[in-house]
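Q: Got a structure for you, questions after.
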Amino acid sequence: MVNVGEHISEARILEDKPSNPIIAGDIVHTPAWSPGQRVHFALAMKMDINKDRIDDYDMVKNIILLNGGVIDAELRPDGQRSAISPSIRGTSSKGNVPRK
């Protein structure tokens, strides 16, 4: 996104196919967001979103919060945890998870 407004936004086109061009009047859709919807997230461990090998956990969290998202659970890189919200319906993990 280049500019985000209350009723209109501007995005940069990264790819355009001559067989299916983007033209004025096309409807843009994203499954990640819809008006009035608050997207919920669970954050865990180190996050490097710009590949500089520096943890961007706080940047990711701030981006989510500034855009109206909700953090339902956190496992910070230093091991601090937040309470898990009852609204979380499932979890996923990369790697082995100890089982009781």
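The way I read the labels, and the way they are meant: chains A, B, ... in the order of the structure tokens, residue 1 as the first residue of every chain, and ligand 1 as the first ligand shown, with later ones counted on from there.
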I need the residues of chain A that end up classed as helix (DSSP H, G or I) by DSSP on the backbone, written out as number ranges by chain.

A: A: 57-66

Q: Those residues with C-alpha atoms, as a JSON list (two decimals), in the first residue's frame please?

A:
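Final output, saved to out17.json:
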```json
[["chain", "number", "residue", "atom", "x", "y", "z"],
["A", 57, "TYR", "CA", 8.63, -8.37, 16.95],
["A", 58, "ASP", "CA", 7.71, -4.94, 18.36],
["A", 59, "MET", "CA", 7.38, -3.46, 14.85],
["A", 60, "VAL", "CA", 5.00, -6.25, 13.79],
["A", 61, "LYS", "CA", 2.95, -5.82, 16.97],
["A", 62, "ASN", "CA", 2.73, -2.04, 16.47],
["A", 63, "ILE", "CA", 1.69, -2.41, 12.82],
["A", 64, "ILE", "CA", -1.12, -4.76, 13.84],
["A", 65, "LEU", "CA", -2.33, -2.48, 16.65],
["A", 66, "LEU", "CA", -2.10, 0.72, 14.57]]
```

Q: Quick one: everything within 12 Å of Ile8 (chain A), counting only C-alpha atoms, minus sequence neighbours fewer than 5 positions away in the same chain. Send it as a PyMOL selection string.

A: chain A and resi 1-3+28+35

Q: Take the residues just selected and output them with C-alpha atoms as a PDB file, in the first residue's frame.

A:
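Below is the file again.pdb, written as the result:
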```pdb
ATOM      1  CA  MET A   1       0.000   0.000   0.000  1.00  0.00           C
ATOM      2  CA  VAL A   2       1.285   3.433  -0.898  1.00  0.00           C
ATOM      3  CA  ASN A   3      -1.470   5.555   0.692  1.00  0.00           C
ATOM      4  CA  VAL A  28      -9.753  -5.102  -5.334  1.00  0.00           C
ATOM      5  CA  PRO A  35     -14.529  -2.986   6.685  1.00  0.00           C
TER       6      PRO A  35
END
```

Q: What is the distance, in Å and to one decimal place, between CA of Met45 (chain A) and CA of Glu74 (chain A)?

A: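 Straight-line distance from CA of Met45 (chain A) to CA of Glu74 (chain A) works out to 8.3 Å.
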
Q: Any idea what's packed within 6 Å of Ile71 (chain A), counting only C-alpha atoms, ignoring anything in its chain fewer than 5 positions away? Could you give it as a list of chain:residue names?

A: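 Within the cut-off, the hits are A:His40, A:Phe41, A:Ala42.
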
Q: Selected residues, all heavy atoms, written as a PDB file, in the first residue's frame, please.

A:
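Everything below was put into part-v5.pdb:
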```
ATOM      1  N   HIS A  40      -7.716 -10.815  14.484  1.00  0.00           N
ATOM      2  CA  HIS A  40      -7.075 -11.258  15.720  1.00  0.00           C
ATOM      3  C   HIS A  40      -5.804 -12.039  15.398  1.00  0.00           C
ATOM      4  O   HIS A  40      -5.780 -12.824  14.449  1.00  0.00           O
ATOM      5  CB  HIS A  40      -8.036 -12.135  16.530  1.00  0.00           C
ATOM      6  CG  HIS A  40      -9.212 -11.363  17.043  1.00  0.00           C
ATOM      7  ND1 HIS A  40      -9.361 -11.040  18.368  1.00  0.00           N
ATOM      8  CD2 HIS A  40     -10.274 -10.812  16.403  1.00  0.00           C
ATOM      9  CE1 HIS A  40     -10.471 -10.348  18.526  1.00  0.00           C
ATOM     10  NE2 HIS A  40     -11.040 -10.204  17.344  1.00  0.00           N
ATOM     11  N   PHE A  41      -4.769 -11.833  16.231  1.00  0.00           N
ATOM     12  CA  PHE A  41      -3.474 -12.459  15.998  1.00  0.00           C
ATOM     13  C   PHE A  41      -2.934 -13.066  17.278  1.00  0.00           C
ATOM     14  O   PHE A  41      -3.214 -12.587  18.374  1.00  0.00           O
ATOM     15  CB  PHE A  41      -2.450 -11.404  15.527  1.00  0.00           C
ATOM     16  CG  PHE A  41      -2.769 -10.794  14.195  1.00  0.00           C
ATOM     17  CD1 PHE A  41      -3.613  -9.702  14.114  1.00  0.00           C
ATOM     18  CD2 PHE A  41      -2.222 -11.308  13.037  1.00  0.00           C
ATOM     19  CE1 PHE A  41      -3.903  -9.122  12.890  1.00  0.00           C
ATOM     20  CE2 PHE A  41      -2.510 -10.737  11.815  1.00  0.00           C
ATOM     21  CZ  PHE A  41      -3.353  -9.644  11.727  1.00  0.00           C
ATOM     22  N   ALA A  42      -2.130 -14.100  17.118  1.00  0.00           N
ATOM     23  CA  ALA A  42      -1.296 -14.638  18.189  1.00  0.00           C
ATOM     24  C   ALA A  42       0.139 -14.527  17.674  1.00  0.00           C
ATOM     25  O   ALA A  42       0.439 -14.990  16.574  1.00  0.00           O
ATOM     26  CB  ALA A  42      -1.656 -16.087  18.481  1.00  0.00           C
TER      27      ALA A  42
END
```

Q: What gap, in Å, lies between CA of Val70 (chain A) and CA of Ser9 (chain A)?

A: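 Separating CA of Val70 (chain A) from CA of Ser9 (chain A) is a distance of 21.9 Å.
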
Q: Choose the residue, out of A:Arg76, A:Arg12, A:Arg81, A:His7, that has the smallest atom-to-atom separation from Lys46 (chain A); count only C-alpha atoms.

A: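 Among A:Arg76, A:Arg12, A:Arg81, A:His7, it is A:Arg76 that comes nearest to Lys46 (chain A).
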
Q: Quick one: pick out all strand (DSSP E) residues within region 1-96 of chain A from a backbone DSSP run and write them as a PDB file with N, CA and C atoms, in the first residue's frame.

A:
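Dumped everything to selection12.pdb:
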```
ATOM      1  N   ASN A   3      -0.682   4.629  -0.115  1.00  0.00           N
ATOM      2  CA  ASN A   3      -1.470   5.555   0.692  1.00  0.00           C
ATOM      3  C   ASN A   3      -2.719   4.842   1.170  1.00  0.00           C
ATOM      4  N   VAL A   4      -3.044   5.014   2.443  1.00  0.00           N
ATOM      5  CA  VAL A   4      -4.255   4.412   2.977  1.00  0.00           C
ATOM      6  C   VAL A   4      -5.120   5.531   3.531  1.00  0.00           C
ATOM      7  N   SER A   9      -7.776   3.972  -0.942  1.00  0.00           N
ATOM      8  CA  SER A   9      -6.366   3.688  -0.735  1.00  0.00           C
ATOM      9  C   SER A   9      -5.671   3.575  -2.074  1.00  0.00           C
ATOM     10  N   GLU A  10      -4.370   3.668  -2.043  1.00  0.00           N
ATOM     11  CA  GLU A  10      -3.565   3.581  -3.252  1.00  0.00           C
ATOM     12  C   GLU A  10      -2.519   2.493  -3.041  1.00  0.00           C
ATOM     13  N   HIS A  40      -7.716 -10.815  14.484  1.00  0.00           N
ATOM     14  CA  HIS A  40      -7.075 -11.258  15.720  1.00  0.00           C
ATOM     15  C   HIS A  40      -5.804 -12.039  15.398  1.00  0.00           C
ATOM     16  N   PHE A  41      -4.769 -11.833  16.231  1.00  0.00           N
ATOM     17  CA  PHE A  41      -3.474 -12.459  15.998  1.00  0.00           C
ATOM     18  C   PHE A  41      -2.934 -13.066  17.278  1.00  0.00           C
ATOM     19  N   ALA A  42      -2.130 -14.100  17.118  1.00  0.00           N
ATOM     20  CA  ALA A  42      -1.296 -14.638  18.189  1.00  0.00           C
ATOM     21  C   ALA A  42       0.139 -14.527  17.674  1.00  0.00           C
ATOM     22  N   LEU A  43       0.998 -13.887  18.443  1.00  0.00           N
ATOM     23  CA  LEU A  43       2.379 -13.668  18.023  1.00  0.00           C
ATOM     24  C   LEU A  43       3.305 -14.557  18.837  1.00  0.00           C
ATOM     25  N   ALA A  44       4.323 -15.114  18.180  1.00  0.00           N
ATOM     26  CA  ALA A  44       5.258 -15.978  18.891  1.00  0.00           C
ATOM     27  C   ALA A  44       6.676 -15.826  18.359  1.00  0.00           C
ATOM     28  N   VAL A  70      -6.067  -7.010  16.763  1.00  0.00           N
ATOM     29  CA  VAL A  70      -6.118  -7.394  18.170  1.00  0.00           C
ATOM     30  C   VAL A  70      -5.080  -8.488  18.395  1.00  0.00           C
ATOM     31  N   ILE A  71      -4.260  -8.336  19.442  1.00  0.00           N
ATOM     32  CA  ILE A  71      -3.304  -9.369  19.815  1.00  0.00           C
ATOM     33  C   ILE A  71      -3.958 -10.216  20.903  1.00  0.00           C
ATOM     34  N   ASP A  72      -4.282 -11.464  20.576  1.00  0.00           N
ATOM     35  CA  ASP A  72      -4.959 -12.350  21.523  1.00  0.00           C
ATOM     36  C   ASP A  72      -3.994 -13.134  22.403  1.00  0.00           C
ATOM     37  N   ALA A  73      -2.767 -13.337  21.931  1.00  0.00           N
ATOM     38  CA  ALA A  73      -1.786 -14.088  22.715  1.00  0.00           C
ATOM     39  C   ALA A  73      -0.391 -13.716  22.235  1.00  0.00           C
ATOM     40  N   GLU A  74       0.560 -13.751  23.162  1.00  0.00           N
ATOM     41  CA  GLU A  74       1.941 -13.447  22.821  1.00  0.00           C
ATOM     42  C   GLU A  74       2.900 -14.399  23.523  1.00  0.00           C
ATOM     43  N   LEU A  75       3.904 -14.817  22.800  1.00  0.00           N
ATOM     44  CA  LEU A  75       5.070 -15.479  23.360  1.00  0.00           C
ATOM     45  C   LEU A  75       6.252 -14.700  22.799  1.00  0.00           C
TER      46      LEU A  75
END
```
